[in-house]
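Student: Here it is: the structure, laid out below.
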Amino acid sequence: MLRQREGNTLANPAVFHYDPAVRSDPELLESWRGGDAQAGQELVQRHWSSIAGFFRSKVGDDGADLISQTFLACVEGRDRIDNVQAYLFAVARRRLADHFRTRLRMPAVDLSVSSLTDLRTGPATELGRREQAELLRRALSAIPLDDQIALELSYFEGLPGAAIARVLEIGENTVRSRLARAREKLRLALAELAPADEAARAEAQLEEKC
């Protein structure tokens with residue numbers, strides 16, 4: 001849930017008890033900026049159910065973290081907010097796009113053209129993931145073995161630079177540049193095997209395996 005921050009603690013309203021004052025969003029926002037933590041709590045209380053409903057209708061029970069992320073953005077951006085409700089829903093929309101992008105391992109998701117039916121995981125999506133994994137495997141096998149090993153140790157096994165340096169018998173200070181060069185070779189290999197969008201989705205699986 002939301003972290004505690006000095007001077008402005010926002011918590012799950014389900015465990016926060018207070019007598020809400022009848023103040024407008026701009027009034028609450030101004031008070032919150034001035035150091036009134038309860039005004040911030042009241043804004044959360046006022047808009048929590050709307051944001052929760054926004055995510056619940058699209059991702060079901062997977063939305064708890066997205067709700068928290070949305071209100072955390074409100075904490076971090078309170079000095080930039082003009083309209084609280086519009087700001088929260090704008091953030092929620094971006095978090096929703098990020099959720100589907102990560103879930104589907106896509107470089108980007110365009111909500112102006114994609115429907116929930118398009119984005120929900122199904123047999124076709126699972127097939128696509130397997131195809132991307134196979135594409136990544138083929139591209140890895142096409143680059144020099146030490147580059148392949150470096151990428152696998154870093155992204156698949158999560159080894160730190162010092163451990164990778166020991167395995168490859170190179171200086172620790174060269175591991176980062178070796179990984180960058182290996183990643184570029186992988187990108188070129190993918191480009192020879194598939195169209196740009198498929199190659200990008202396959203490469204993105206490296207990050208998913210971290």
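Ordering of the structure tokens sets the chain letters (A, B, ...), residue numbers begin anew at 1 in every chain, and ligands are numbered from 1 in the order given.
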Skipping near chain neighbours, those fewer than 4 positions away, what residues fall within 12 Å of Gln148 of chain A using only C-alpha atoms, listed as a list of chain:residue names?

Tutor: A:Leu136, A:Arg137, A:Arg138, A:Ala139, A:Leu140, A:Ser141, A:Ala142, A:Ile143, A:Pro144, A:Glu152, A:Leu153, A:Ser154, A:Tyr155, A:Phe156, A:Ile164, A:Leu168, A:Arg178, A:Leu179, A:Ala180, A:Arg181, A:Ala182, A:Arg183, A:Glu184, A:Lys185, A:Leu186, A:Ala189, A:Leu206

Student: For segment 190-205 of chain A, find every residue with an atom within 7 Å (counting only C-alpha atoms), except residues of its own chain fewer than 2 positions away, and show them as number ranges by chain.

Tutor: A: 105-107, 132-133, 135-136, 139, 186-188, 207-209

Student: When DSSP is applied to the backbone of this structure, which of chain A are assigned helix (DSSP H, G or I)? Write them out as a PyMOL selection string.

Tutor: chain A and resi 13-15+25-33+37-76+78-80+84-104+116-119+123-141+145-156+161-168+172-193+196-208

Student: Identify, on the basis of only C-alpha atoms, every residue whose closest approach to Arg46 of chain A does not exceed 12 Å; exclude the query and any residue fewer than 2 positions from it along the same chain; express the result as a VMD selection string.

Tutor: chain A and resid 12 to 14 20 to 25 28 39 to 44 48 to 52 71 84 to 85 88

Student: Keeping C-alpha atoms, export the residues of the selection given above as a PDB file, in the first residue's frame.

Tutor:
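Output below, filename selection32.pdb:
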ATOM      1  CA  ASN A  12      -5.938   2.972   2.775  1.00  0.00           C
ATOM      2  CA  PRO A  13      -9.173   4.735   3.712  1.00  0.00           C
ATOM      3  CA  ALA A  14     -10.578   1.416   4.853  1.00  0.00           C
ATOM      4  CA  PRO A  20     -14.785  14.486   6.752  1.00  0.00           C
ATOM      5  CA  ALA A  21     -15.195  18.235   6.435  1.00  0.00           C
ATOM      6  CA  VAL A  22     -17.329  19.403   3.561  1.00  0.00           C
ATOM      7  CA  ARG A  23     -14.644  21.077   1.484  1.00  0.00           C
ATOM      8  CA  SER A  24     -14.163  21.179  -2.265  1.00  0.00           C
ATOM      9  CA  ASP A  25     -11.273  19.401  -3.964  1.00  0.00           C
ATOM     10  CA  LEU A  28      -8.553  20.295   0.235  1.00  0.00           C
ATOM     11  CA  ALA A  39      -6.915  17.119   3.820  1.00  0.00           C
ATOM     12  CA  GLY A  40      -4.838  14.645   1.811  1.00  0.00           C
ATOM     13  CA  GLN A  41      -6.557  11.762   3.536  1.00  0.00           C
ATOM     14  CA  GLU A  42      -9.927  13.247   2.697  1.00  0.00           C
ATOM     15  CA  LEU A  43      -9.032  13.517  -0.976  1.00  0.00           C
ATOM     16  CA  VAL A  44      -8.058   9.837  -0.972  1.00  0.00           C
ATOM     17  CA  TRP A  48     -10.783   5.943  -3.712  1.00  0.00           C
ATOM     18  CA  SER A  49     -13.958   4.126  -4.727  1.00  0.00           C
ATOM     19  CA  SER A  50     -14.009   5.747  -8.178  1.00  0.00           C
ATOM     20  CA  ILE A  51     -10.413   4.773  -8.940  1.00  0.00           C
ATOM     21  CA  ALA A  52     -10.941   1.306  -7.483  1.00  0.00           C
ATOM     22  CA  PHE A  71      -2.639   7.534  -5.345  1.00  0.00           C
ATOM     23  CA  VAL A  84      -7.652  16.228  -8.676  1.00  0.00           C
ATOM     24  CA  GLN A  85     -10.208  13.952 -10.306  1.00  0.00           C
ATOM     25  CA  LEU A  88      -6.124  10.695 -10.869  1.00  0.00           C
TER      26      LEU A  88
END

Student: In Å, rounded to a single decimal, give me how far atom CA of Gly161 of chain A is from atom CA of Val175 of chain A.

Tutor: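 Going from atom CA of Val175 of chain A over to atom CA of Gly161 of chain A, I get 6.0 Å.
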
Student: Can you work out the spacing between atom CA of Val91 of chain A and atom CA of Phe55 of chain A in Å, to one decimal?

Tutor: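 A separation of 11.7 Å between them.
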
Student: Using only C-alpha atoms, which of A:Val109, A:Glu27, A:Asn83, A:Leu96 sits nearest Ser57 of chain A?

Tutor: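 Selected residue with least distance to Ser57 of chain A: A:Leu96.
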
Student: Using only C-alpha atoms, which residues sit within 10 Å of Leu111 of chain A once same-chain residues fewer than 6 positions away are excluded, as a list of chain:residue names?

Tutor: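 Result of the neighbour search: A:Arg93, A:Arg94, A:Leu96, A:Ala97, A:Phe100, A:Leu119.
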